[in-house]
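To be precise, the following lines are model08.cif, and they hold mmCIF, C-alpha atoms and all ligand atoms.
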data_structure
loop_
_atom_site.label_atom_id
_atom_site.label_comp_id
_atom_site.auth_asym_id
_atom_site.auth_seq_id
_atom_site.Cartn_x
_atom_site.Cartn_y
_atom_site.Cartn_z
CA MET A 88 141.72 99.90 149.67
CA SER A 89 138.21 100.99 148.66
CA SER A 90 137.80 104.56 147.39
CA PRO A 91 136.23 107.02 149.86
CA ARG A 92 132.49 107.51 149.71
CA TYR A 93 130.74 110.83 149.84
CA ALA A 94 127.05 111.75 149.90
CA ALA A 95 126.44 114.29 147.11
CA LEU A 96 123.31 116.47 147.10
CA VAL A 97 121.86 115.51 143.71
CA GLY A 98 118.40 117.05 144.07
CA TRP A 99 116.51 119.59 146.14
CA GLY A 100 112.94 120.81 146.45
CA MET A 101 110.59 122.78 148.67
CA ALA A 102 106.90 123.33 149.40
CA VAL A 103 104.90 125.85 151.39
CA PRO A 104 101.18 125.98 152.24
CA GLN A 105 98.76 127.99 150.12
CA ARG A 106 97.66 130.53 152.65
CA LEU A 107 99.78 133.66 153.04
CA VAL A 108 99.45 135.68 156.26
CA THR A 109 100.95 139.17 156.27
CA ASN A 110 102.02 141.20 159.29
CA GLU A 111 99.13 143.57 158.56
CA GLU A 112 96.64 140.73 158.90
CA LEU A 113 98.10 139.77 162.29
CA ALA A 114 98.02 143.41 163.38
CA GLN A 115 94.27 143.40 162.77
CA ARG A 116 93.82 140.46 165.14
CA ILE A 117 96.29 141.13 167.98
CA ASP A 118 98.14 144.03 169.61
CA THR A 119 101.14 144.22 167.27
CA SER A 120 102.25 146.14 164.19
CA ASP A 121 104.04 145.52 160.91
CA ALA A 122 106.72 147.97 162.06
CA TRP A 123 107.40 146.07 165.32
CA ILE A 124 107.57 142.67 163.64
CA ARG A 125 109.81 143.89 160.81
CA SER A 126 112.19 145.81 163.02
CA ARG A 127 112.50 143.18 165.78
CA THR A 128 112.57 140.08 163.54
CA GLY A 129 112.84 140.95 159.82
CA ILE A 130 109.66 138.99 159.05
CA ALA A 131 107.04 140.47 156.69
CA GLN A 132 104.83 137.45 155.98
CA ARG A 133 104.56 133.70 156.49
CA TYR A 134 102.61 130.75 155.04
CA VAL A 135 100.18 128.93 157.30
CA ALA A 136 99.00 125.37 156.66
CA GLY A 137 95.29 124.64 156.30
CA PRO A 138 93.47 121.51 157.52
CA ASP A 139 94.33 119.63 154.31
CA GLU A 140 98.03 120.45 154.66
CA PRO A 141 99.44 118.34 157.49
CA THR A 142 103.21 117.89 157.77
CA SER A 143 103.19 114.75 155.60
CA VAL A 144 101.53 116.57 152.67
CA LEU A 145 104.07 119.40 152.65
CA ALA A 146 106.91 116.90 153.18
CA ALA A 147 105.78 114.71 150.28
CA ALA A 148 105.51 117.73 147.96
CA ALA A 149 109.06 118.84 148.80
CA GLY A 150 110.36 115.26 148.50
CA ARG A 151 108.69 114.81 145.10
CA ALA A 152 110.27 118.04 143.82
CA ALA A 153 113.73 116.96 145.05
CA LEU A 154 113.43 113.55 143.35
CA THR A 155 112.30 115.19 140.10
CA ARG A 156 115.29 117.50 140.12
CA ALA A 157 117.58 114.53 140.84
CA GLY A 158 116.03 112.66 137.90
CA LEU A 159 115.26 109.73 140.19
CA GLY A 160 112.06 107.79 140.79
CA PRO A 161 110.78 107.02 144.29
CA GLU A 162 111.82 103.37 143.94
CA ALA A 163 115.49 104.45 143.88
CA VAL A 164 115.31 105.71 147.49
CA ASP A 165 116.42 103.16 150.09
CA THR A 166 116.20 105.46 153.13
CA LEU A 167 113.80 108.28 154.02
CA ILE A 168 114.37 110.63 156.92
CA VAL A 169 111.74 113.20 157.85
CA ALA A 170 113.09 115.79 160.27
CA THR A 171 110.10 117.25 162.09
CA CYS A 172 108.95 118.21 165.56
CA THR A 173 105.34 118.55 164.40
CA PRO A 174 104.45 115.03 163.19
CA ASP A 175 101.07 114.07 161.74
CA ARG A 176 100.48 111.75 164.69
CA PRO A 177 102.35 110.80 167.91
CA PHE A 178 103.06 107.53 166.10
CA PRO A 179 103.76 105.99 163.62
CA ALA A 180 106.47 108.13 162.08
CA THR A 181 105.36 110.78 159.59
CA ALA A 182 108.11 109.34 157.36
CA CYS A 183 105.97 106.21 156.90
CA ALA A 184 103.05 108.29 155.60
CA VAL A 185 105.40 110.17 153.27
CA GLN A 186 106.88 106.89 152.00
CA ARG A 187 103.36 105.75 151.10
CA MET A 188 102.44 109.07 149.47
CA LEU A 189 105.56 109.07 147.31
CA GLY A 190 105.11 105.44 146.29
CA MET A 191 108.52 104.37 147.55
CA GLY A 192 109.61 100.81 148.08
CA ARG A 193 110.17 99.19 151.45
CA GLY A 194 113.34 100.98 152.51
CA ALA A 195 113.89 102.49 155.94
CA ALA A 196 111.67 105.43 156.94
CA PHE A 197 111.99 107.29 160.22
CA ASP A 198 111.47 110.67 161.84
CA LEU A 199 114.20 112.73 163.44
CA VAL A 200 113.34 115.30 166.11
CA ALA A 201 115.75 118.18 166.58
CA ALA A 202 113.39 121.18 166.25
CA CYS A 203 114.89 123.96 164.12
CA SER A 204 118.19 122.05 163.82
CA GLY A 205 116.38 119.09 162.24
CA PHE A 206 117.70 119.51 158.71
CA VAL A 207 121.32 119.90 159.79
CA TYR A 208 120.96 116.91 162.13
CA GLY A 209 119.38 114.92 159.28
CA LEU A 210 122.14 115.87 156.87
CA SER A 211 124.74 114.71 159.36
CA VAL A 212 122.97 111.38 160.04
CA GLY A 213 122.03 110.86 156.37
CA THR A 214 125.57 111.54 155.19
CA SER A 215 126.89 109.02 157.73
CA LEU A 216 124.46 106.37 156.47
CA VAL A 217 125.54 106.93 152.85
CA ARG A 218 129.25 107.13 153.66
CA SER A 219 129.09 103.93 155.74
CA GLY A 220 127.49 102.01 152.87
CA MET A 221 124.11 101.53 154.62
CA SER A 222 122.34 103.68 152.03
CA ARG A 223 122.96 104.55 148.38
CA VAL A 224 120.11 107.01 147.79
CA LEU A 225 118.66 108.80 150.79
CA LEU A 226 115.83 111.32 150.78
CA LEU A 227 116.07 113.85 153.60
CA ILE A 228 112.99 115.98 154.14
CA ALA A 229 112.64 118.64 156.83
CA ALA A 230 109.04 119.69 157.36
CA ASP A 231 107.15 121.48 160.09
CA VAL A 232 103.65 122.80 160.60
CA PHE A 233 104.70 124.77 163.62
CA THR A 234 101.66 127.05 163.48
CA HIS A 235 99.60 124.11 164.74
CA PHE A 236 101.22 124.73 168.14
CA ILE A 237 100.86 128.49 168.07
CA ASP A 238 98.56 130.45 170.34
CA TRP A 239 97.29 133.06 167.89
CA GLU A 240 96.48 135.31 170.85
CA ASP A 241 100.09 135.32 172.10
CA ARG A 242 101.92 138.13 170.31
CA ASN A 243 105.27 136.98 171.75
CA THR A 244 105.23 133.86 169.57
CA CYS A 245 102.51 133.99 166.90
CA VAL A 246 104.25 136.58 164.74
CA LEU A 247 107.43 134.50 164.46
CA PHE A 248 106.52 131.19 162.84
CA GLY A 249 105.40 129.84 159.48
CA ASP A 250 105.03 126.40 157.87
CA GLY A 251 106.95 124.68 155.09
CA ALA A 252 109.09 121.79 153.90
CA GLY A 253 112.44 121.39 152.15
CA ALA A 254 114.20 118.28 150.88
CA VAL A 255 117.46 117.04 149.44
CA VAL A 256 118.44 113.75 147.81
CA LEU A 257 121.78 112.32 148.94
CA GLN A 258 123.48 109.87 146.60
CA VAL A 259 126.69 107.94 147.07
CA SER A 260 129.59 109.58 145.22
CA ALA A 261 133.28 108.79 144.80
CA ALA A 262 134.09 112.51 144.37
CA PRO A 263 134.13 114.88 147.37
CA PHE A 264 130.70 116.48 147.12
CA GLY A 265 128.04 116.90 149.82
CA SER A 266 128.79 117.38 153.50
CA LEU A 267 132.57 117.46 153.99
CA ALA A 268 132.44 118.18 157.73
CA SER A 269 129.59 118.49 160.16
CA ASN A 270 128.85 118.60 163.85
CA ILE A 271 125.66 118.39 165.87
CA GLY A 272 125.13 119.11 169.54
CA ALA A 273 122.56 119.62 172.28
CA TRP A 274 122.22 121.12 175.74
CA GLY A 275 119.33 119.39 177.49
CA ALA A 276 119.51 121.76 180.46
CA GLY A 277 117.90 124.32 178.15
CA GLU A 278 114.92 122.03 177.41
CA THR A 279 112.29 124.38 178.82
CA LEU A 280 113.62 127.60 177.30
CA MET A 281 111.35 126.73 174.39
CA ALA A 282 108.80 123.92 174.45
CA VAL A 283 105.28 122.61 174.05
CA ASP A 284 104.49 120.97 177.40
CA VAL A 285 101.14 119.31 176.86
CA GLY A 286 100.14 116.38 174.68
CA GLY A 287 102.98 113.95 175.39
CA THR A 288 103.45 111.40 178.16
CA LEU A 289 104.73 114.00 180.63
CA LEU A 290 101.53 116.02 180.64
CA PRO A 291 98.74 114.22 178.76
CA THR A 292 96.05 116.53 177.43
CA THR A 293 93.28 117.41 179.89
CA SER A 294 90.50 119.95 179.53
CA GLU A 295 92.03 121.92 182.41
CA LEU A 296 95.41 122.19 180.67
CA LEU A 297 93.67 123.15 177.44
CA SER A 298 91.75 125.90 179.20
CA GLU A 299 95.11 127.21 180.46
CA ARG A 300 96.31 127.18 176.82
CA ARG A 301 99.23 124.93 177.77
CA GLN A 302 99.10 123.00 174.47
CA TYR A 303 100.92 125.86 172.73
CA VAL A 304 104.57 126.76 172.35
CA TYR A 305 106.21 129.07 174.85
CA MET A 306 109.73 130.42 174.80
CA ASN A 307 112.18 132.70 176.49
CA GLY A 308 113.03 134.75 173.40
CA ARG A 309 115.90 136.74 174.87
CA GLU A 310 117.69 133.69 176.30
CA ILE A 311 117.22 131.70 173.09
CA PHE A 312 118.58 134.65 171.12
CA ARG A 313 121.77 134.68 173.20
CA HIS A 314 122.30 130.92 173.00
CA ALA A 315 121.52 130.89 169.28
CA VAL A 316 124.23 133.38 168.37
CA ARG A 317 126.88 131.61 170.44
CA GLY A 318 125.77 128.11 169.42
CA MET A 319 125.71 128.80 165.69
CA CYS A 320 129.04 130.64 165.73
CA GLU A 321 130.91 127.94 167.65
CA SER A 322 129.40 125.14 165.61
CA ALA A 323 130.07 126.95 162.29
CA GLU A 324 133.68 127.62 163.26
CA GLN A 325 134.16 123.95 164.15
CA ALA A 326 132.69 122.76 160.84
CA VAL A 327 134.86 125.13 158.80
CA ARG A 328 137.96 124.12 160.77
CA GLU A 329 137.22 120.41 160.38
CA ALA A 330 136.56 120.82 156.65
CA GLY A 331 140.11 122.14 156.41
CA VAL A 332 139.05 125.39 154.75
CA SER A 333 138.82 129.06 155.73
CA PHE A 334 135.73 131.28 155.88
CA ASP A 335 137.07 133.02 152.75
CA ALA A 336 136.49 129.78 150.84
CA ILE A 337 132.79 129.68 151.80
CA ARG A 338 130.66 130.99 148.95
CA LEU A 339 127.45 131.36 150.95
CA VAL A 340 126.29 130.87 154.52
CA VAL A 341 122.75 129.49 154.83
CA PRO A 342 121.70 129.94 158.46
CA HIS A 343 118.52 129.00 160.30
CA GLN A 344 115.98 131.74 159.62
CA ALA A 345 114.55 132.73 163.02
CA ASN A 346 115.38 136.41 163.33
CA VAL A 347 117.44 138.62 161.03
CA ARG A 348 119.08 140.17 164.09
CA ILE A 349 120.38 136.72 165.13
CA ILE A 350 121.71 136.18 161.60
CA GLU A 351 123.39 139.59 161.54
CA ALA A 352 124.99 138.97 164.93
CA VAL A 353 126.32 135.57 163.74
CA ALA A 354 127.71 137.13 160.54
CA LYS A 355 129.39 139.90 162.51
CA ARG A 356 131.01 137.48 164.96
CA LEU A 357 132.25 135.29 162.12
CA GLY A 358 133.56 138.37 160.28
CA LEU A 359 131.36 137.75 157.24
CA PRO A 360 129.66 140.45 155.16
CA MET A 361 125.87 140.02 154.91
CA GLU A 362 126.22 139.72 151.09
CA ARG A 363 127.55 136.21 151.72
CA VAL A 364 124.73 135.27 154.09
CA PHE A 365 121.39 134.14 152.70
CA VAL A 366 118.20 135.55 154.23
CA ASN A 367 114.63 134.72 153.18
CA LEU A 368 112.81 134.86 156.52
CA ASP A 369 111.10 138.07 155.42
CA ARG A 370 108.83 135.89 153.24
CA TYR A 371 108.54 132.69 155.33
CA GLY A 372 109.11 133.52 159.01
CA ASN A 373 110.69 130.81 161.16
CA THR A 374 109.70 127.50 159.55
CA SER A 375 111.55 125.40 162.16
CA ALA A 376 113.31 122.37 160.57
CA ALA A 377 112.29 123.51 157.07
CA SER A 378 114.06 126.84 157.37
CA VAL A 379 117.57 125.82 156.26
CA PRO A 380 116.47 123.72 153.24
CA LEU A 381 113.94 126.39 152.16
CA ALA A 382 116.78 128.89 152.17
CA LEU A 383 119.17 126.47 150.46
CA CYS A 384 116.64 125.76 147.69
CA GLU A 385 116.00 129.45 147.08
CA ALA A 386 119.73 130.25 147.05
CA ALA A 387 120.20 127.53 144.41
CA GLU A 388 117.19 128.74 142.40
CA GLN A 389 118.57 132.27 142.43
CA GLY A 390 121.91 131.02 141.09
CA LEU A 391 123.79 132.15 144.20
CA ILE A 392 125.55 128.78 144.48
CA ALA A 393 127.03 126.78 141.64
CA PRO A 394 128.30 123.19 141.50
CA GLY A 395 131.61 122.96 143.35
CA ASP A 396 130.90 125.93 145.66
CA LEU A 397 131.29 125.51 149.41
CA VAL A 398 128.17 126.34 151.42
CA LEU A 399 128.04 126.59 155.20
CA LEU A 400 124.77 125.52 156.82
CA THR A 401 124.21 126.37 160.47
CA ALA A 402 121.16 126.00 162.69
CA PHE A 403 119.94 126.34 166.24
CA GLY A 404 116.70 125.37 167.93
CA GLY A 405 114.67 123.96 170.78
CA GLY A 406 116.29 121.27 172.88
CA LEU A 407 118.49 123.22 172.85
CA THR A 408 120.06 121.81 169.69
CA TRP A 409 122.50 123.08 167.09
CA GLY A 410 124.57 121.92 164.18
CA SER A 411 126.58 123.02 161.17
CA SER A 412 127.81 121.50 157.97
CA VAL A 413 130.22 122.54 155.23
CA VAL A 414 128.74 121.28 151.98
CA ARG A 415 130.28 121.10 148.53
CA TRP A 416 127.29 121.90 146.34
CA GLY A 417 126.34 119.79 143.33
CA CYS A 418 127.68 116.48 142.09
CA GLU A 419 130.05 115.07 139.45
O1 LIG A 501 114.11 128.98 166.06
C1 LIG A 501 114.75 129.08 167.28
C2 LIG A 501 113.82 129.55 168.32
N1 LIG A 501 113.47 130.91 168.45
C3 LIG A 501 114.25 131.98 168.26
O2 LIG A 501 115.33 131.93 167.72
C4 LIG A 501 113.77 133.29 168.77
C5 LIG A 501 114.85 134.08 169.42
N2 LIG A 501 114.40 135.34 169.99
C6 LIG A 501 113.98 136.38 169.24
O3 LIG A 501 113.96 136.31 168.03
C7 LIG A 501 113.59 137.65 169.96
O4 LIG A 501 113.95 137.54 171.31
C8 LIG A 501 112.07 137.96 169.85
C9 LIG A 501 111.74 138.37 168.43
C10 LIG A 501 111.25 136.77 170.27
C11 LIG A 501 111.72 139.14 170.74
O5 LIG A 501 112.52 140.26 170.43
P1 LIG A 501 113.22 141.10 171.60
O6 LIG A 501 113.92 142.21 170.98
O7 LIG A 501 114.05 140.12 172.41
O8 LIG A 501 112.00 141.64 172.38
P2 LIG A 501 111.61 141.42 173.92
O9 LIG A 501 111.22 140.02 174.19
O10 LIG A 501 112.69 141.99 174.73
O11 LIG A 501 110.29 142.31 174.04
C12 LIG A 501 110.34 143.69 173.86
C13 LIG A 501 108.94 144.27 174.00
C14 LIG A 501 108.15 143.72 175.17
O12 LIG A 501 107.46 144.79 175.76
P3 LIG A 501 107.94 145.43 177.15
O13 LIG A 501 107.89 144.31 178.14
O14 LIG A 501 109.33 145.92 176.89
O15 LIG A 501 106.95 146.51 177.37
C15 LIG A 501 107.16 142.78 174.52
O16 LIG A 501 105.96 142.69 175.24
O17 LIG A 501 108.18 143.98 172.81
C16 LIG A 501 106.91 143.47 173.19
N3 LIG A 501 106.45 142.55 172.16
C17 LIG A 501 105.72 142.95 171.11
N4 LIG A 501 105.27 144.15 170.74
C18 LIG A 501 104.57 144.23 169.58
C19 LIG A 501 106.66 141.22 172.07
N5 LIG A 501 106.07 140.74 170.96
C20 LIG A 501 105.48 141.79 170.36
C21 LIG A 501 104.74 141.92 169.17
N6 LIG A 501 104.30 143.15 168.83
N7 LIG A 501 104.47 140.87 168.37
#
Show me this structure written as structure tokens.
Ligand code: UT7
Amino acid sequence: MSSPRYAALVGWGMAVPQRLVTNEELAQRIDTSDAWIRSRTGIAQRYVAGPDEPTSVLAAAAGRAALTRAGLGPEAVDTLIVATCTPDRPFPATACAVQRMLGMGRGAAFDLVAACSGFVYGLSVGTSLVRSGMSRVLLLIAADVFTHFIDWEDRNTCVLFGDGAGAVVLQVSAAPFGSLASNIGAWGAGETLMAVDVGGTLLPTTSELLSERRQYVYMNGREIFRHAVRGMCESAEQAVREAGVSFDAIRLVVPHQANVRIIEAVAKRLGLPMERVFVNLDRYGNTSAASVPLALCEAAEQGLIAPGDLVLLTAFGGGLTWGSSVVRWGCE
């Protein structure tokens, strides 16, 4: 009998755009205030991509950093997944541009669309590819330039989002590292609770739709909030149960960073003190798919997780989509 395969996380990296936008700057442009944004969301600032920072550029920077940390060259990667809902172009996949930028070989490269749950979806799919033997070294990048779809005159949405990219390298391992249990799910009936309607095949762009500002994101914040708390809790509980561990064994929870009040509600329902829950949305805002790996990278940089520790990742986003994974950090 062949020994079991795992997909260890052997490298990680992140990238954010150059331009920093504070709450104060937004308050000078629209009817909002630093106090409202901080108290209702926990966000103090975010990074916003410029014209020379499309999704592929941020993704490639994060991917390069992850490969460097793994001590691997781009030629070692046989599969590249870019989780994004803000691609460079409608087609081809942004992953193909990133493959070219990183100087990789001719392995598989594809995009995965699961909005803010993109990284957790990608980790689940990527781990399956490695564990099945289809891939030996897989680069998973989650990158979004969500601000491209923001109406900067809409205070309900423009204060919430920022841009960024995070990446991990998965490598086949005989020892039980990487994702030990994961689940992903979706509820398509909630499709229009948060969406960008215009620019696809459903509603191609017309000057009339543009004048109605329909090319931008809209969302029902209160409904999403409710679904997010329930979705992340149920999914996290399932992942912990299926990993065969208890919440006491989890060193750190790294949740999707949309709103600190959502994170606090999830922690409360799971019975976890906030000291064991990582939060960095004050500095980045909601970076969509990049949010979980940005937080994971910073938690690792800050020494909050050590090789062998169990980390619980949980995310929720448009679709509606959700997913969680219990990860044993590090490698042999
Ligand atoms: O990544 C996954 C997708 N998104 C999310 O997870 C977001 C989930 N939802 C949320 O985070 C919260 O619902 C929001 C932060 C979006 C909103 O917070 P809330 O506590 O649910 O506020 P609300 O929508 O109930 O609005 C309260 C008030 C409203 O005024 P009225 O109607 O009560 O007079 C809004 O017009 O706050 C007003 N408001 C603002 N005021 C100042 C909304 N945005 C702003 C703003 N500045 N930027």
Spatial neighbours of Asn346 of chain A, 7 Å, all atoms listed in the file, chain gap at least 2 places, as a list in words: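 Those residues are Thr128, Gly129, Gln344, Arg348, Ile349 and Ile350 of chain A.
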Distance table requested - chain A against ligand LIG 501 (chain A), cut-off 7 Å, all atoms listed in the file: one row per qualifying residue with the closest atom pair and its distance in Å to one decimal, ordered by chain and rising residue number, as a Markdown table.
| residue | atom | partner | partner_atom | distance |
| --- | --- | --- | --- | --- |
| A:Asp118 | CA | A:LIG501 | N6 | 6.3 |
| A:Thr119 | CA | A:LIG501 | N6 | 3.7 |
| A:Ser120 | CA | A:LIG501 | N6 | 5.9 |
| A:Trp123 | CA | A:LIG501 | C18 | 5.4 |
| A:Ile124 | CA | A:LIG501 | N7 | 5.9 |
| A:Arg127 | CA | A:LIG501 | O6 | 5.5 |
| A:Thr128 | CA | A:LIG501 | C9 | 5.2 |
| A:Cys203 | CA | A:LIG501 | O1 | 5.4 |
| A:Arg242 | CA | A:LIG501 | N7 | 4.2 |
| A:Asn243 | CA | A:LIG501 | N5 | 3.9 |
| A:Thr244 | CA | A:LIG501 | C10 | 6.7 |
| A:Val246 | CA | A:LIG501 | N7 | 5.6 |
| A:Gly308 | CA | A:LIG501 | O4 | 3.6 |
| A:Arg309 | CA | A:LIG501 | O4 | 4.1 |
| A:Ile311 | CA | A:LIG501 | C5 | 5.0 |
| A:Phe312 | CA | A:LIG501 | C5 | 4.1 |
| A:Ala315 | CA | A:LIG501 | O2 | 6.5 |
| A:Ala345 | CA | A:LIG501 | O2 | 4.8 |
| A:Asn346 | CA | A:LIG501 | O3 | 4.9 |
| A:Asn373 | CA | A:LIG501 | O1 | 6.2 |
| A:Ser375 | CA | A:LIG501 | O1 | 5.9 |
| A:Phe403 | CA | A:LIG501 | C1 | 6.0 |
| A:Gly404 | CA | A:LIG501 | C1 | 4.2 |
| A:Gly405 | CA | A:LIG501 | C2 | 6.2 |
How big is the axis-aligned box, and where does its centre sit, when it encloses all atoms of segment 249-266 of chain A listed in the file and has 6 Å added on every side, reported in Å to one decimal as JSON?
{"center_x": 119.6, "center_y": 118.9, "center_z": 151.9, "size_x": 41.1, "size_y": 33.9, "size_z": 27.1}
Closest pair table for segment 157-204 of chain A residues within 9 Å of segment 253-266 of chain A, only C-alpha atoms, as JSON lines:
{"residue": "A:Ala157", "atom": "CA", "partner": "A:Val256", "partner_atom": "CA", "distance": 7.1}
{"residue": "A:Val164", "atom": "CA", "partner": "A:Val256", "partner_atom": "CA", "distance": 8.6}
{"residue": "A:Val169", "atom": "CA", "partner": "A:Ala254", "partner_atom": "CA", "distance": 9.0}
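Proximity of A:Pro177, A:Pro342, A:Gly220, A:Gly249 to Pro291 of chain A, computed with only C-alpha atoms, is greatest for A:Pro177.
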What's around Glu362 of chain A at 10 Å? Count all atoms listed in the file, leave out sequence neighbours fewer than 6 positions away in its own chain, and write the answer as a ChimeraX atom specification. /A:339-340,354
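Compared by their closest atoms to Cys320 of chain A, and using all atoms listed in the file, the residues A:Ala402, A:Ala273, A:Cys418, A:Ile337 rank with A:Ala402 nearest.
Minimum distance to Gln132 of chain A across A:Leu216, A:Ala282, A:Ala147, A:Leu368 (counting all atoms listed in the file) occurs at A:Leu368.
Counting all atoms listed in the file and comparing A:Ala148, A:Pro174, A:Gly251, A:Leu289, the residue that lies closest to Leu189 of chain A is A:Ala148.
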Gap from atom CA of Val200 of chain A to atom CA of Glu388 of chain A - Å, one decimal: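 Atom CA of Val200 of chain A sits 27.5 Å away from atom CA of Glu388 of chain A.
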Rank nothing, just name the residue among A:Ala201, A:Leu167, A:Ala230, A:Met221 nearest to Ala149 of chain A, using all atoms listed in the file.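 Counting all atoms listed in the file, the residue closest to Ala149 of chain A is A:Ala230.
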In Å, how far is it from atom CA of Arg328 of chain A to atom CA of Glu419 of chain A? 24.5 Å
Restricting the calculation to all atoms listed in the file, which member of A:Thr173, A:Gln115, A:Ser219, A:Thr292 is positioned closest to Trp239 of chain A?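 Comparing A:Thr173, A:Gln115, A:Ser219, A:Thr292 against Trp239 of chain A, the winner is A:Gln115.
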If I take atom CA of Val224 of chain A and atom CA of Asp165 of chain A, how far is one from the other in Å, to one decimal? 5.8 Å
Tell me, as a list in words, which residues lie within 12 Å of Gly160 of chain A, counting all atoms listed in the file; anything in the same chain fewer than 6 positions away does not count. Gly98, Gly150, Arg151, Ala152, Ala153, Leu154, Leu189, Gly190, Met191, Gly192, Val224, Leu226 and Val256 of chain A
Show me, as a VMD selection string, the residues that have an atom within 6 Å of Ser269 of chain A when counting all atoms listed in the file, minus same-chain residues fewer than 2 positions from it. chain A and resid 326 411 to 412
Extract, using all atoms listed in the file, all DNA, RNA and protein residues at most 10 Å from Glu310 of chain A, discarding same-chain residues fewer than 3 positions from it, and format them as a ChimeraX atom specification. /A:277,280-281,306-307,313-315
